[in-house]
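A short worksheet on the structure shown next.
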Amino acid sequence: MDFSFFLPTRFYFGEGCLKANFHPLEELGRRALIVTGRRSARESGALEDLLEVLEHLKIKWSIFERVPPNPTLEVLAEGVKVAQEERVDLVIGCGGGSPMDVAKGIAILATNKVKATELYRTPLPEAPLPVVAIPTTAGTGSEVTPHAVFTLPEEETKKGFSDVRLFPRVAWVDPRYTYSLPEEVTIDTALDALSHAVEGYLSRRASPLTDLLATEVIRLIGSCRNALEKREFTPHIRRSLLYASSLAGMVIAQTRTTILHTLGYSLTFFRGVPHGRANGLLMAAYLEFLAPVAPQKVAHILSLLGFSGIDELGVTLKNLLPSPERYTDEELKGYAALASKAQHSLKATLRSAREDELYEILRRSLL
């Protein structure tokens with residue numbers, strides 16, 4: 001048994017964890033850039049808590065709050081400009097996955113003096129600014145990964161960027177910040193966390209330790225199944241979903257993701273389908289595709305979720321999610337062609353997938 005596992009993030013979990021454990025911030029910088037979206041950090045109370053802590057520590061701060069869902073490199077460039085103008089020495093990602101991803105991109109580009117458009121093509125030898133993370137959704141797990149994802153219009157997809165130096169130094173994961181999430185966002189992000197665990201479990205890069213974490217995530221989300229179906233999100237359920245999200249982030253920090261994510265990216269890019277929802281729409285057909293090569297693992301996933309078979313899972317997912325939009329056969333063939341170029345995710349997937357097989361996953365899910 002040979003494997004490695006690297007997770008340098010100091011992790012705090014629980015109600016009030018930021019105010020109770022703020023001292024690591026003192027060691028990381030004196031001029032912070034807060035990277036956030038337009039609403040969730042303020043509405044959740046996370047920004048208010050953060051500003052109180054920064055004032056207490058006498059850390060100067062500025063804010064970049066123009067991060068939309070599925071940010072582009074253009075948005076990243078705006079954030080880098082602010083960071084350089086303000087001469088910050090610490091970047092704080094506060095919000096959902098998009099603000100945390102942009103925070104990581106800002107941290108590494110601000111020190112390397114490289115244009116955002118060169119992020120995927122140019123060496124970045126200079127150490128990034130330290131990053132810390134405060135999630136306000138329960139899905140991406142970005143607070144414990146070195147990954148960031150950006151939308152690339154010229155390539156008609158989303159694309160991941162990864163650098164081990166971008167693991168957040170500290171993550172404060174407070175379930176209270178998810179209490180105000182709308183029902184649809186709660187379900188979409190829960191399915192994002194589930195897909196991270198399922199894909200990590202069914203990855204060629206899986207290890208005994210990632211399997212341990214992934215199965216715990218799947219079990220936790222299975223325990224929330226009735227609450228998700230009934231849209232009854234008590235504080236206990238919110239805690240379980242957020243904990244599951246962070247554990248799932250720890251999984252993909254090691255394994256990355258597979259073709260499920262890559263196929264879902266086209267639904268998000270071309271049709272604006274929220275990321276976790278896109279994965280949920282495709283998950284049953286994805287498991288059907290992998291069942292012949294990993295029957296025991298697929299059966300274990302279904303058992304942990306409380307399903308007798310893939311068909312039952314598919315029915316539940318359809319009930320949880322809005323009906324998919326209408327797609328043409330030509331569209332789906334185009335999505336499959338794009339996914340067939342994503343060699344990193346194809347190589348990680350347990351079963352080799354031809355372009356026609358990728359199309360079949362899409363067809364079974366959406367037509």
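If you're wondering about the labels, chains in the structure tokens are A, B, ... by order shown, residues count from 1 in each chain, ligands from 1 in order shown.
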Could you give me, as a PyMOL selection string, the residues within 12 Å of segment 221-235 of chain A, counting only C-alpha atoms and dropping anything in the same chain fewer than 6 positions from it?
chain A and resi 14-15+138-139+174-198+214-215+241-245+247-248+300-307+313+315-321
For the selection just defined, write its residues with C-alpha atoms to a file, as a tab-separated table (two decimals), in the first residue's frame.
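Saved to part-v9.tsv:
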chain	number	residue	atom	x	y	z
A	14	GLY	CA	-17.98	25.04	14.61
A	15	GLU	CA	-20.29	27.91	15.49
A	138	ALA	CA	-21.62	23.87	1.80
A	139	GLY	CA	-20.42	22.46	-1.48
A	174	ASP	CA	-18.80	28.04	10.67
A	175	PRO	CA	-22.20	26.41	9.97
A	176	ARG	CA	-23.99	29.63	10.99
A	177	TYR	CA	-22.82	31.22	7.76
A	178	THR	CA	-24.88	28.69	5.78
A	179	TYR	CA	-28.14	29.15	7.72
A	180	SER	CA	-29.41	31.84	5.33
A	181	LEU	CA	-28.75	29.87	2.13
A	182	PRO	CA	-31.83	29.49	-0.10
A	183	GLU	CA	-33.25	25.98	-0.49
A	184	GLU	CA	-32.12	25.58	-4.10
A	185	VAL	CA	-28.57	26.68	-3.33
A	186	THR	CA	-28.46	24.29	-0.37
A	187	ILE	CA	-29.46	21.37	-2.58
A	188	ASP	CA	-27.18	22.34	-5.46
A	189	THR	CA	-24.15	22.72	-3.21
A	190	ALA	CA	-24.90	19.49	-1.34
A	191	LEU	CA	-24.82	17.69	-4.68
A	192	ASP	CA	-21.50	19.37	-5.48
A	193	ALA	CA	-20.04	17.98	-2.24
A	194	LEU	CA	-21.54	14.57	-2.99
A	195	SER	CA	-20.03	14.56	-6.47
A	196	HIS	CA	-16.60	15.41	-5.03
A	197	ALA	CA	-16.81	12.42	-2.71
A	198	VAL	CA	-18.21	10.05	-5.34
A	214	ALA	CA	-15.20	9.95	0.79
A	215	THR	CA	-17.37	7.25	2.30
A	241	LEU	CA	-23.76	19.34	5.12
A	242	LEU	CA	-20.97	21.83	5.78
A	243	TYR	CA	-18.80	19.22	7.50
A	244	ALA	CA	-19.40	16.86	4.57
A	245	SER	CA	-18.43	19.62	2.13
A	247	LEU	CA	-14.30	16.52	4.06
A	248	ALA	CA	-15.13	16.18	0.36
A	300	HIS	CA	-21.38	0.82	-1.51
A	301	ILE	CA	-22.16	4.40	-2.60
A	302	LEU	CA	-25.80	3.49	-3.14
A	303	SER	CA	-25.99	1.68	0.19
A	304	LEU	CA	-24.53	4.63	2.10
A	305	LEU	CA	-27.06	6.93	0.46
A	306	GLY	CA	-29.90	4.56	1.30
A	307	PHE	CA	-30.77	3.46	-2.25
A	313	LEU	CA	-31.06	7.35	-7.03
A	315	VAL	CA	-35.63	9.23	-9.39
A	316	THR	CA	-34.63	11.02	-6.18
A	317	LEU	CA	-32.27	13.34	-8.03
A	318	LYS	CA	-35.03	14.23	-10.50
A	319	ASN	CA	-37.34	15.03	-7.61
A	320	LEU	CA	-34.71	17.17	-5.90
A	321	LEU	CA	-33.80	19.22	-8.96
With a distance cut-off of 10 Å and only C-alpha atoms, select the neighbouring residues of Pro135 of chain A, excluding the residue or stretch itself and same-chain residues fewer than 4 positions from it, and output the selection as number ranges by chain.
A: 40-41, 46, 93-97, 99-100, 139-143, 171-175, 177-178, 242, 246
For the residues selected in the previous step, produce a file with N, CA, C and O atoms as a tab-separated table (two decimals), in the first residue's frame.
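The resulting file, selection11.tsv, is reproduced below:
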chain	number	residue	atom	x	y	z
A	40	SER	N	-23.45	36.93	-0.25
A	40	SER	CA	-23.49	35.90	0.80
A	40	SER	C	-22.66	36.24	2.02
A	40	SER	O	-23.06	35.96	3.16
A	41	ALA	N	-21.51	36.87	1.84
A	41	ALA	CA	-20.66	37.18	3.00
A	41	ALA	C	-21.35	38.17	3.93
A	41	ALA	O	-21.24	38.05	5.16
A	46	ALA	N	-20.84	36.51	7.99
A	46	ALA	CA	-19.41	36.18	7.96
A	46	ALA	C	-18.55	37.44	7.84
A	46	ALA	O	-17.53	37.59	8.52
A	93	GLY	N	-10.35	34.81	1.34
A	93	GLY	CA	-11.49	34.41	0.54
A	93	GLY	C	-12.68	34.17	1.45
A	93	GLY	O	-12.63	33.31	2.33
A	94	CYS	N	-13.76	34.94	1.27
A	94	CYS	CA	-14.93	34.84	2.15
A	94	CYS	C	-16.17	34.75	1.29
A	94	CYS	O	-16.57	35.72	0.65
A	95	GLY	N	-16.78	33.57	1.24
A	95	GLY	CA	-17.97	33.39	0.41
A	95	GLY	C	-18.06	31.96	-0.06
A	95	GLY	O	-17.57	31.03	0.58
A	96	GLY	N	-18.67	31.76	-1.21
A	96	GLY	CA	-18.75	30.44	-1.81
A	96	GLY	C	-17.46	30.09	-2.53
A	96	GLY	O	-16.42	30.73	-2.34
A	97	GLY	N	-17.53	29.08	-3.38
A	97	GLY	CA	-16.32	28.63	-4.05
A	97	GLY	C	-15.70	29.68	-4.95
A	97	GLY	O	-14.47	29.78	-5.03
A	99	PRO	N	-15.49	33.16	-4.76
A	99	PRO	CA	-14.58	34.08	-4.08
A	99	PRO	C	-13.31	33.41	-3.56
A	99	PRO	O	-12.22	33.99	-3.63
A	100	MET	N	-13.44	32.19	-3.04
A	100	MET	CA	-12.24	31.52	-2.54
A	100	MET	C	-11.29	31.18	-3.68
A	100	MET	O	-10.06	31.30	-3.54
A	139	GLY	N	-20.50	23.22	-0.25
A	139	GLY	CA	-20.42	22.46	-1.48
A	139	GLY	C	-19.04	22.34	-2.08
A	139	GLY	O	-18.59	21.26	-2.44
A	140	THR	N	-18.31	23.45	-2.20
A	140	THR	CA	-17.08	23.41	-3.00
A	140	THR	C	-15.91	22.79	-2.26
A	140	THR	O	-15.05	22.17	-2.87
A	141	GLY	N	-15.82	23.01	-0.95
A	141	GLY	CA	-14.66	22.53	-0.21
A	141	GLY	C	-13.38	23.26	-0.55
A	141	GLY	O	-12.28	22.83	-0.18
A	142	SER	N	-13.49	24.40	-1.24
A	142	SER	CA	-12.30	25.13	-1.69
A	142	SER	C	-11.43	25.59	-0.52
A	142	SER	O	-10.24	25.88	-0.70
A	143	GLU	N	-12.01	25.67	0.67
A	143	GLU	CA	-11.26	26.11	1.85
A	143	GLU	C	-10.15	25.15	2.24
A	143	GLU	O	-9.27	25.49	3.04
A	171	ALA	N	-8.54	27.71	7.59
A	171	ALA	CA	-9.94	27.74	7.19
A	171	ALA	C	-10.81	27.80	8.44
A	171	ALA	O	-10.61	27.01	9.37
A	172	TRP	N	-11.72	28.77	8.46
A	172	TRP	CA	-12.71	28.86	9.55
A	172	TRP	C	-14.05	28.46	8.95
A	172	TRP	O	-14.59	29.18	8.10
A	173	VAL	N	-14.59	27.35	9.40
A	173	VAL	CA	-15.76	26.75	8.77
A	173	VAL	C	-16.91	26.77	9.80
A	173	VAL	O	-16.98	25.91	10.67
A	174	ASP	N	-17.75	27.77	9.68
A	174	ASP	CA	-18.80	28.04	10.67
A	174	ASP	C	-20.16	27.75	10.05
A	174	ASP	O	-20.59	28.44	9.12
A	175	PRO	N	-20.89	26.74	10.55
A	175	PRO	CA	-22.20	26.41	9.97
A	175	PRO	C	-23.19	27.56	9.98
A	175	PRO	O	-24.08	27.61	9.13
A	177	TYR	N	-22.89	30.44	8.99
A	177	TYR	CA	-22.82	31.22	7.76
A	177	TYR	C	-23.60	30.58	6.61
A	177	TYR	O	-23.76	31.20	5.55
A	178	THR	N	-24.07	29.35	6.80
A	178	THR	CA	-24.88	28.69	5.78
A	178	THR	C	-26.38	28.71	6.11
A	178	THR	O	-27.19	28.26	5.31
A	242	LEU	N	-22.21	21.06	5.87
A	242	LEU	CA	-20.97	21.83	5.78
A	242	LEU	C	-19.75	20.97	6.12
A	242	LEU	O	-18.71	21.05	5.46
A	246	SER	N	-16.52	20.08	3.57
A	246	SER	CA	-15.09	20.23	3.84
A	246	SER	C	-14.35	18.91	3.71
A	246	SER	O	-13.24	18.86	3.16
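Closest to Arg204 of chain A among A:Thr9, A:Ser323, A:Thr137, A:Thr258 is A:Thr258, based on only C-alpha atoms.
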Need to verify the contact set: Lys115 of chain A, 12 Å, only C-alpha atoms, exclusion of same-chain residues closer than 6 positions in sequence. Can you return it as a PyMOL selection string?
chain A and resi 73-81+105-106+108-109+121-124
Using only C-alpha atoms, what table do you get, as JSON lines, when you list each residue of segment 247-326 of chain A with an atom no more than 8 Å from segment 146-165 of chain A, its nearest pair of atoms, and their distance in Å rounded to one decimal, rows by chain then rising number?
{"residue": "A:Ala253", "atom": "CA", "partner": "A:Pro146", "partner_atom": "CA", "distance": 6.5}
{"residue": "A:Tyr265", "atom": "CA", "partner": "A:Lys158", "partner_atom": "CA", "distance": 5.9}
{"residue": "A:Ser266", "atom": "CA", "partner": "A:Thr157", "partner_atom": "CA", "distance": 6.1}
{"residue": "A:Phe269", "atom": "CA", "partner": "A:Thr157", "partner_atom": "CA", "distance": 5.8}
{"residue": "A:Phe270", "atom": "CA", "partner": "A:Glu156", "partner_atom": "CA", "distance": 7.8}
Would you write out, as JSON lines, a table of all residues in segment 238-271 of chain A that have an atom no more than 10 Å from an atom of segment 351-363 of chain A, listing for each the closest atom pair and the distance in Å to one decimal, considering only C-alpha atoms and ordering rows by chain and rising residue number?
{"residue": "A:Ile259", "atom": "CA", "partner": "A:Leu358", "partner_atom": "CA", "distance": 8.4}
{"residue": "A:Leu260", "atom": "CA", "partner": "A:Ile361", "partner_atom": "CA", "distance": 9.3}
{"residue": "A:Leu263", "atom": "CA", "partner": "A:Leu362", "partner_atom": "CA", "distance": 7.8}
{"residue": "A:Gly264", "atom": "CA", "partner": "A:Leu362", "partner_atom": "CA", "distance": 9.2}
{"residue": "A:Leu267", "atom": "CA", "partner": "A:Leu362", "partner_atom": "CA", "distance": 10.0}
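Considering only C-alpha atoms, the residue among A:Phe3, A:Phe167, A:Tyr286, A:Phe11 positioned nearest to Pro128 of chain A is A:Phe167.
Atom CA of Leu51 of chain A to atom CA of Pro71 of chain A spans 24.3 Å [interatomic distance, one decimal].
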